[in-house]
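K.L.:
For reference, the file model12.csv (CSV, C-alpha atoms) is included below:
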```csv
chain,number,residue,atom,x,y,z
A,1,THR,CA,-2.2,27.5,-36.3
A,2,THR,CA,-5.5,25.7,-35.9
A,3,LEU,CA,-4.2,22.9,-38.0
A,4,THR,CA,-1.0,22.7,-35.9
A,5,VAL,CA,-3.1,22.4,-32.7
A,6,GLY,CA,-5.2,19.7,-34.3
A,7,ILE,CA,-2.2,17.7,-35.3
A,8,ALA,CA,-0.8,18.1,-31.8
A,9,LEU,CA,-4.0,16.9,-30.2
A,10,ALA,CA,-4.2,13.9,-32.6
A,11,ALA,CA,-0.7,12.9,-31.5
A,12,LEU,CA,-1.7,12.5,-27.9
A,13,THR,CA,-2.0,8.9,-26.9
A,14,PRO,CA,-5.2,7.6,-25.2
A,15,ALA,CA,-3.1,7.2,-22.0
A,16,ALA,CA,-2.2,10.9,-22.1
A,17,LEU,CA,-5.9,11.9,-22.5
A,18,ALA,CA,-7.0,9.7,-19.5
A,19,ALA,CA,-8.1,11.7,-16.5
A,20,VAL,CA,-6.7,11.1,-13.1
A,21,GLU,CA,-9.5,9.9,-10.8
A,22,LYS,CA,-9.7,9.6,-7.1
A,23,GLY,CA,-9.6,6.1,-5.7
A,24,THR,CA,-11.2,5.1,-2.3
A,25,ALA,CA,-10.4,2.8,0.6
A,26,ARG,CA,-13.8,1.5,1.7
A,27,VAL,CA,-14.1,0.2,5.2
A,28,ARG,CA,-15.4,-3.4,5.0
A,29,SER,CA,-15.2,-4.1,8.7
A,30,ALA,CA,-14.0,-2.4,11.9
A,31,GLN,CA,-13.5,-4.0,15.3
A,32,GLY,CA,-12.5,-2.4,18.6
A,33,ALA,CA,-11.0,1.1,18.8
A,34,ALA,CA,-10.6,2.7,15.3
A,35,GLU,CA,-10.6,6.3,14.4
A,36,VAL,CA,-10.1,8.3,11.2
A,37,ALA,CA,-9.0,11.9,10.4
A,38,LEU,CA,-10.1,12.7,6.9
A,39,ASP,CA,-8.1,15.9,7.0
A,40,GLY,CA,-5.3,14.4,9.1
A,41,VAL,CA,-6.3,16.6,12.0
A,42,SER,CA,-9.9,16.1,13.3
A,43,TRP,CA,-10.5,12.5,14.6
A,44,SER,CA,-13.8,10.7,14.6
A,45,ALA,CA,-15.0,7.1,15.0
A,46,LEU,CA,-14.5,4.9,11.9
A,47,HIS,CA,-17.6,3.3,10.6
A,48,VAL,CA,-18.2,0.4,8.2
A,49,GLY,CA,-19.0,1.6,4.7
A,50,ALA,CA,-17.0,4.8,5.0
A,51,GLU,CA,-15.0,5.7,1.9
A,52,LEU,CA,-11.6,7.2,2.6
A,53,LEU,CA,-9.8,9.3,0.0
A,54,ASP,CA,-6.1,10.2,-0.2
A,55,GLY,CA,-5.0,12.4,2.7
A,56,ALA,CA,-7.0,10.4,5.2
A,57,THR,CA,-5.3,8.9,8.3
A,58,LEU,CA,-6.7,6.0,10.4
A,59,LYS,CA,-5.4,4.6,13.6
A,60,THR,CA,-6.3,1.6,15.7
A,61,GLY,CA,-6.2,0.9,19.4
A,62,ASP,CA,-5.1,-2.1,21.4
A,63,ASP,CA,-8.1,-4.1,20.2
A,64,GLY,CA,-8.5,-2.4,16.8
A,65,LEU,CA,-8.7,-4.2,13.5
A,66,VAL,CA,-9.8,-2.7,10.2
A,67,GLU,CA,-10.4,-4.4,6.8
A,68,LEU,CA,-10.3,-2.1,3.8
A,69,ASP,CA,-11.2,-2.6,0.1
A,70,LEU,CA,-9.0,-0.4,-2.1
A,71,GLY,CA,-10.7,-1.5,-5.3
A,72,VAL,CA,-8.7,-0.8,-8.4
A,73,ASN,CA,-6.0,0.7,-6.2
A,74,GLY,CA,-4.8,-2.6,-4.8
A,75,ASN,CA,-7.5,-4.9,-3.6
A,76,ALA,CA,-7.5,-5.6,0.2
A,77,LEU,CA,-5.7,-4.0,3.2
A,78,ARG,CA,-5.9,-5.1,6.8
A,79,VAL,CA,-4.8,-2.6,9.5
A,80,LEU,CA,-3.8,-4.4,12.7
A,81,PRO,CA,-3.9,-3.1,16.4
A,82,ASN,CA,-1.9,-0.1,17.5
A,83,SER,CA,-1.3,1.1,13.9
A,84,VAL,CA,-1.3,4.5,12.2
A,85,VAL,CA,-1.9,4.5,8.4
A,86,THR,CA,-2.1,7.5,6.0
A,87,PHE,CA,-3.1,7.3,2.4
A,88,SER,CA,-0.8,9.9,0.9
A,89,ALA,CA,-1.9,9.0,-2.7
A,90,LEU,CA,-4.9,7.0,-3.9
A,91,THR,CA,-5.5,7.7,-7.5
A,92,PHE,CA,-5.9,5.9,-10.8
A,93,GLU,CA,-6.2,6.5,-14.6
A,94,ASN,CA,-8.3,4.3,-16.8
A,95,THR,CA,-6.5,4.2,-20.2
A,96,THR,CA,-7.8,2.3,-23.2
A,97,VAL,CA,-5.2,-0.4,-22.5
A,98,GLU,CA,-5.1,-0.8,-18.7
A,99,ALA,CA,-5.6,0.9,-15.4
A,100,VAL,CA,-2.6,2.9,-14.0
A,101,VAL,CA,-2.8,3.2,-10.3
A,102,ASN,CA,-0.9,5.3,-7.8
A,103,THR,CA,-1.2,4.0,-4.2
A,104,GLN,CA,1.0,5.4,-1.5
A,105,ILE,CA,0.6,4.2,2.0
A,106,ASP,CA,2.4,5.7,5.0
A,107,LEU,CA,2.7,3.3,7.9
A,108,THR,CA,4.1,5.2,10.9
A,109,ALA,CA,3.2,2.7,13.6
A,110,GLY,CA,2.0,-0.8,13.8
A,111,ARG,CA,1.5,-3.3,11.0
A,112,VAL,CA,-0.5,-3.9,7.8
A,113,VAL,CA,-1.3,-7.0,5.8
A,114,GLY,CA,-2.2,-6.5,2.1
A,115,SER,CA,-3.3,-8.5,-0.9
A,116,VAL,CA,-2.6,-6.7,-4.2
A,117,HIS,CA,-3.8,-7.9,-7.6
A,118,LYS,CA,-1.3,-7.8,-10.4
A,119,LEU,CA,-0.7,-4.2,-11.4
A,120,SER,CA,0.2,-2.7,-14.8
A,121,ALA,CA,3.9,-1.9,-15.5
A,122,ALA,CA,3.2,1.9,-15.2
A,123,SER,CA,1.4,1.5,-11.8
A,124,LYS,CA,2.9,2.3,-8.5
A,125,TYR,CA,2.0,0.8,-5.1
A,126,GLU,CA,4.3,1.6,-2.2
A,127,VAL,CA,4.2,1.3,1.5
A,128,HIS,CA,6.5,3.7,3.3
A,129,THR,CA,7.6,3.2,6.9
A,130,PRO,CA,10.2,5.2,8.9
A,131,ALA,CA,12.7,2.4,8.1
A,132,VAL,CA,11.9,1.2,4.5
A,133,THR,CA,10.0,1.8,1.3
A,134,ALA,CA,8.4,-1.3,-0.1
A,135,GLY,CA,7.4,-1.4,-3.8
A,136,ILE,CA,4.6,-3.9,-4.5
A,137,ARG,CA,3.5,-5.2,-7.8
A,138,GLY,CA,1.2,-8.1,-7.1
A,139,THR,CA,1.5,-10.1,-4.0
A,140,ARG,CA,0.5,-10.9,-0.4
A,141,TYR,CA,2.6,-9.0,2.1
A,142,ASP,CA,3.0,-8.2,5.8
A,143,ILE,CA,4.8,-5.0,6.7
A,144,SER,CA,5.7,-3.6,10.1
A,145,ALA,CA,6.6,0.0,10.9
A,146,ASN,CA,10.0,-1.2,12.1
A,147,GLY,CA,10.8,-2.2,8.5
A,148,GLN,CA,10.2,-6.0,8.6
A,149,VAL,CA,8.7,-7.2,5.3
A,150,VAL,CA,7.2,-10.7,5.0
A,151,VAL,CA,6.1,-11.9,1.5
A,152,GLY,CA,3.6,-14.7,1.2
A,153,GLU,CA,3.2,-14.6,-2.6
A,154,GLY,CA,4.8,-12.6,-5.4
A,155,SER,CA,7.7,-10.3,-4.6
A,156,VAL,CA,8.4,-6.9,-3.0
A,157,VAL,CA,11.3,-4.6,-3.7
A,158,VAL,CA,12.6,-3.0,-0.4
A,159,VAL,CA,14.7,0.1,-0.2
A,160,ALA,CA,16.3,0.8,3.1
A,161,GLU,CA,18.8,3.3,4.5
A,162,ARG,CA,21.8,2.0,6.4
A,163,GLU,CA,23.1,3.6,9.6
A,164,ASP,CA,25.9,5.3,7.5
A,165,GLY,CA,23.3,6.9,5.2
A,166,SER,CA,23.8,4.6,2.2
A,167,MET,CA,20.8,3.0,0.6
A,168,ILE,CA,20.3,-0.8,0.0
A,169,THR,CA,17.8,-2.4,-2.3
A,170,ARG,CA,16.6,-6.0,-1.8
A,171,VAL,CA,14.1,-8.2,-3.6
A,172,VAL,CA,12.0,-10.2,-1.2
A,173,ASN,CA,10.3,-13.2,-2.8
A,174,ALA,CA,7.5,-15.5,-1.6
A,175,ALA,CA,8.3,-17.3,1.7
A,176,GLU,CA,11.0,-14.8,2.5
A,177,LEU,CA,11.4,-11.8,4.8
A,178,PHE,CA,13.5,-8.6,4.9
A,179,SER,CA,15.1,-8.0,8.3
A,180,PRO,CA,15.7,-4.3,9.0
A,181,VAL,CA,18.3,-5.3,11.6
A,182,SER,CA,20.6,-7.2,9.3
A,183,GLY,CA,19.5,-5.6,6.0
A,184,GLN,CA,19.3,-9.1,4.5
A,185,VAL,CA,16.6,-11.3,3.0
A,186,MET,CA,16.1,-14.7,4.7
A,187,PRO,CA,13.6,-17.5,4.8
A,188,ALA,CA,10.4,-16.7,6.8
A,189,THR,CA,9.2,-19.1,9.4
A,190,GLU,CA,6.0,-20.9,9.2
A,191,GLN,CA,4.5,-18.7,11.9
A,192,GLU,CA,5.5,-15.5,10.1
A,193,LEU,CA,4.0,-16.8,6.8
A,194,SER,CA,0.8,-17.9,8.6
A,195,GLN,CA,0.2,-14.2,9.3
A,196,VAL,CA,0.2,-13.3,5.6
A,197,GLY,CA,-3.0,-15.0,4.7
A,198,ALA,CA,-4.8,-12.8,2.2
A,199,PRO,CA,-7.3,-10.5,3.8
A,200,SER,CA,-10.9,-11.7,3.3
A,201,SER,CA,-12.0,-11.0,-0.3
```
What is this file in structure tokens?
P.N.:
Amino acid sequence: TTLTVGIALAALTPAALAAVEKGTARVRSAQGAAEVALDGVSWSALHVGAELLDGATLKTGDDGLVELDLGVNGNALRVLPNSVVTFSALTFENTTVEAVVNTQIDLTAGRVVGSVHKLSAASKYEVHTPAVTAGIRGTRYDISANGQVVVGEGSVVVVAEREDGSMITRVVNAAELFSPVSGQVMPATEQELSQVGAPSS
């Protein structure tokens, strides 16, 4: 029996032995009105240097603008005015081969602009809005709560629900946008693309 257990343990891959660690979203800068609820309930002023874990919700006012550093969980995220963002998952595993991250962002109001370094095949980085779910692998993106997705670099896979309840999947490549109204991918305008500049690094 001891031998059997030993063989079973030896068969585990390094990835399987890797522990899941908590990632953080560190506040690099905050302008105007910005609040955070670490437990999703009790609100307090957001301060530069604060490190948010999964479960935290932040919201910005009319003049609010927040820059976050997600580190291994996806680089940079900018939260624009009148936005509400919740980190429903912010974890990673350091295997002997690569980092496997799980970043789940719920955008219930407003807009975010993100810059994501290239992720491993096993990683997951998703932005959920009431209208769409956007899967991001390594790109610069601009996503609004209404479901519009603009891609400045790389590509984003968008899953959206039609009015009849059926689901559609679209791949949005660089210089393109997904329209939640038509459900189609189309070229983005220069003005729309100008908004997808990578957040300051």
K.L.:
Could you check the closest approach to A:Glu67 for each of A:Thr86, A:Gln184, A:Thr95, A:Gln31 and tell me which residue wins, using all atoms listed in the file?
P.N.:
A:Gln31
K.L.:
I need the residue nearest A:Gly110 from this list: A:Ser83, A:Asn173, A:Gln148, A:Ser166. Use all atoms listed in the file for the distance.
P.N.:
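Answer, going by the shortest atom-to-atom distance: A:Ser83.
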K.L.:
Looking at all atoms listed in the file, which of A:Ala175, A:Asn102, A:Pro180, A:Gly165 is the one that sits closest to A:Thr133?
P.N.:
A:Pro180
K.L.:
Pick out the closest residue to A:Arg78 from this set: A:Leu46, A:Leu90, A:Ala99, A:Ile143. Count all atoms listed in the file.
P.N.:
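Checking each of A:Leu46, A:Leu90, A:Ala99, A:Ile143 against A:Arg78, counting all atoms listed in the file, the winner is A:Ile143.
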K.L.:
Which is closest to A:Asn146 among A:Val100, A:Val172, A:Ala121, A:Val181, if we use all atoms listed in the file?
P.N.:
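Closest to A:Asn146, using all atoms listed in the file: A:Val181.
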K.L.:
List the spatial neighbours of A:Gln191 as a list in words - criterion: any atom at most 12 Å away, only C-alpha atoms, same-chain residues fewer than 4 positions off excluded.
P.N.:
Val150, Gly152, Ala175, Pro187, Gln195, Val196 and Gly197 of chain A
K.L.:
Restricting the calculation to only C-alpha atoms: of A:Ile136, A:Val113, A:Val156, A:Val36, which residue gets closest to A:Ser194?
P.N.:
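Once distances to A:Ser194 are computed over only C-alpha atoms, the minimum belongs to A:Val113.
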K.L.:
What would stretch 25-36 of chain A look like with all heavy atoms restored, written as an mmCIF file, keeping the file's coordinate frame?
P.N.:
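Below is the file that was written, rebuild.cif:
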```
data_model
loop_
_atom_site.group_PDB
_atom_site.id
_atom_site.type_symbol
_atom_site.label_atom_id
_atom_site.label_comp_id
_atom_site.auth_asym_id
_atom_site.auth_seq_id
_atom_site.Cartn_x
_atom_site.Cartn_y
_atom_site.Cartn_z
ATOM 1 N N ALA A 25 -10.615 3.984 -0.294
ATOM 2 C CA ALA A 25 -10.400 2.800 0.600
ATOM 3 C C ALA A 25 -11.661 2.684 1.397
ATOM 4 O O ALA A 25 -11.930 3.446 2.324
ATOM 5 C CB ALA A 25 -9.188 3.108 1.497
ATOM 6 N N ARG A 26 -12.473 1.700 1.017
ATOM 7 C CA ARG A 26 -13.800 1.500 1.700
ATOM 8 C C ARG A 26 -13.629 0.606 2.875
ATOM 9 O O ARG A 26 -13.000 -0.455 2.793
ATOM 10 C CB ARG A 26 -14.785 0.926 0.681
ATOM 11 C CG ARG A 26 -16.197 0.774 1.250
ATOM 12 C CD ARG A 26 -17.164 0.341 0.167
ATOM 13 N NE ARG A 26 -16.798 -0.929 -0.425
ATOM 14 C CZ ARG A 26 -17.111 -2.112 0.097
ATOM 15 N NH1 ARG A 26 -17.810 -2.181 1.227
ATOM 16 N NH2 ARG A 26 -16.755 -3.224 -0.508
ATOM 17 N N VAL A 27 -14.205 1.002 3.983
ATOM 18 C CA VAL A 27 -14.100 0.200 5.200
ATOM 19 C C VAL A 27 -15.105 -0.946 5.140
ATOM 20 O O VAL A 27 -16.313 -0.761 5.139
ATOM 21 C CB VAL A 27 -14.439 1.092 6.456
ATOM 22 C CG1 VAL A 27 -14.340 0.256 7.723
ATOM 23 C CG2 VAL A 27 -13.495 2.285 6.510
ATOM 24 N N ARG A 28 -14.555 -2.153 5.079
ATOM 25 C CA ARG A 28 -15.400 -3.400 5.000
ATOM 26 C C ARG A 28 -15.795 -3.839 6.383
ATOM 27 O O ARG A 28 -16.898 -4.353 6.588
ATOM 28 C CB ARG A 28 -14.669 -4.464 4.258
ATOM 29 C CG ARG A 28 -14.373 -4.119 2.814
ATOM 30 C CD ARG A 28 -13.804 -5.293 2.088
ATOM 31 N NE ARG A 28 -14.669 -6.463 2.276
ATOM 32 C CZ ARG A 28 -14.547 -7.585 1.582
ATOM 33 N NH1 ARG A 28 -13.605 -7.702 0.687
ATOM 34 N NH2 ARG A 28 -15.354 -8.591 1.803
ATOM 35 N N SER A 29 -14.878 -3.724 7.337
ATOM 36 C CA SER A 29 -15.200 -4.100 8.700
ATOM 37 C C SER A 29 -14.271 -3.352 9.655
ATOM 38 O O SER A 29 -13.154 -2.976 9.284
ATOM 39 C CB SER A 29 -15.057 -5.613 8.934
ATOM 40 O OG SER A 29 -13.700 -6.017 8.819
ATOM 41 N N ALA A 30 -14.756 -3.109 10.863
ATOM 42 C CA ALA A 30 -14.000 -2.400 11.900
ATOM 43 C C ALA A 30 -14.308 -2.981 13.234
ATOM 44 O O ALA A 30 -15.476 -3.019 13.618
ATOM 45 C CB ALA A 30 -14.229 -0.913 11.830
ATOM 46 N N GLN A 31 -13.283 -3.455 13.940
ATOM 47 C CA GLN A 31 -13.500 -4.000 15.300
ATOM 48 C C GLN A 31 -12.672 -3.215 16.283
ATOM 49 O O GLN A 31 -11.596 -2.714 15.974
ATOM 50 C CB GLN A 31 -13.030 -5.476 15.308
ATOM 51 C CG GLN A 31 -13.695 -6.375 14.287
ATOM 52 C CD GLN A 31 -13.077 -7.756 14.265
ATOM 53 O OE1 GLN A 31 -12.469 -8.196 15.236
ATOM 54 N NE2 GLN A 31 -13.207 -8.440 13.140
ATOM 55 N N GLY A 32 -13.186 -3.125 17.498
ATOM 56 C CA GLY A 32 -12.500 -2.400 18.600
ATOM 57 C C GLY A 32 -12.295 -0.960 18.282
ATOM 58 O O GLY A 32 -13.078 -0.344 17.564
ATOM 59 N N ALA A 33 -11.243 -0.391 18.876
ATOM 60 C CA ALA A 33 -11.000 1.100 18.800
ATOM 61 C C ALA A 33 -10.387 1.379 17.403
ATOM 62 O O ALA A 33 -9.327 0.861 17.053
ATOM 63 C CB ALA A 33 -10.098 1.524 19.880
ATOM 64 N N ALA A 34 -11.063 2.233 16.641
ATOM 65 C CA ALA A 34 -10.600 2.700 15.300
ATOM 66 C C ALA A 34 -11.093 4.049 15.034
ATOM 67 O O ALA A 34 -12.299 4.295 15.140
ATOM 68 C CB ALA A 34 -10.979 1.693 14.241
ATOM 69 N N GLU A 35 -10.196 4.957 14.676
ATOM 70 C CA GLU A 35 -10.600 6.300 14.400
ATOM 71 C C GLU A 35 -10.000 6.755 13.039
ATOM 72 O O GLU A 35 -9.031 6.178 12.547
ATOM 73 C CB GLU A 35 -10.046 7.280 15.463
ATOM 74 C CG GLU A 35 -10.670 7.112 16.835
ATOM 75 C CD GLU A 35 -10.106 8.122 17.824
ATOM 76 O OE1 GLU A 35 -8.895 8.037 18.128
ATOM 77 O OE2 GLU A 35 -10.872 8.997 18.272
ATOM 78 N N VAL A 36 -10.605 7.793 12.456
ATOM 79 C CA VAL A 36 -10.100 8.300 11.200
ATOM 80 C C VAL A 36 -10.106 9.843 11.231
ATOM 81 O O VAL A 36 -10.942 10.472 11.872
ATOM 82 C CB VAL A 36 -11.037 7.845 10.009
ATOM 83 C CG1 VAL A 36 -12.463 8.371 10.178
ATOM 84 C CG2 VAL A 36 -10.464 8.277 8.662
#
```
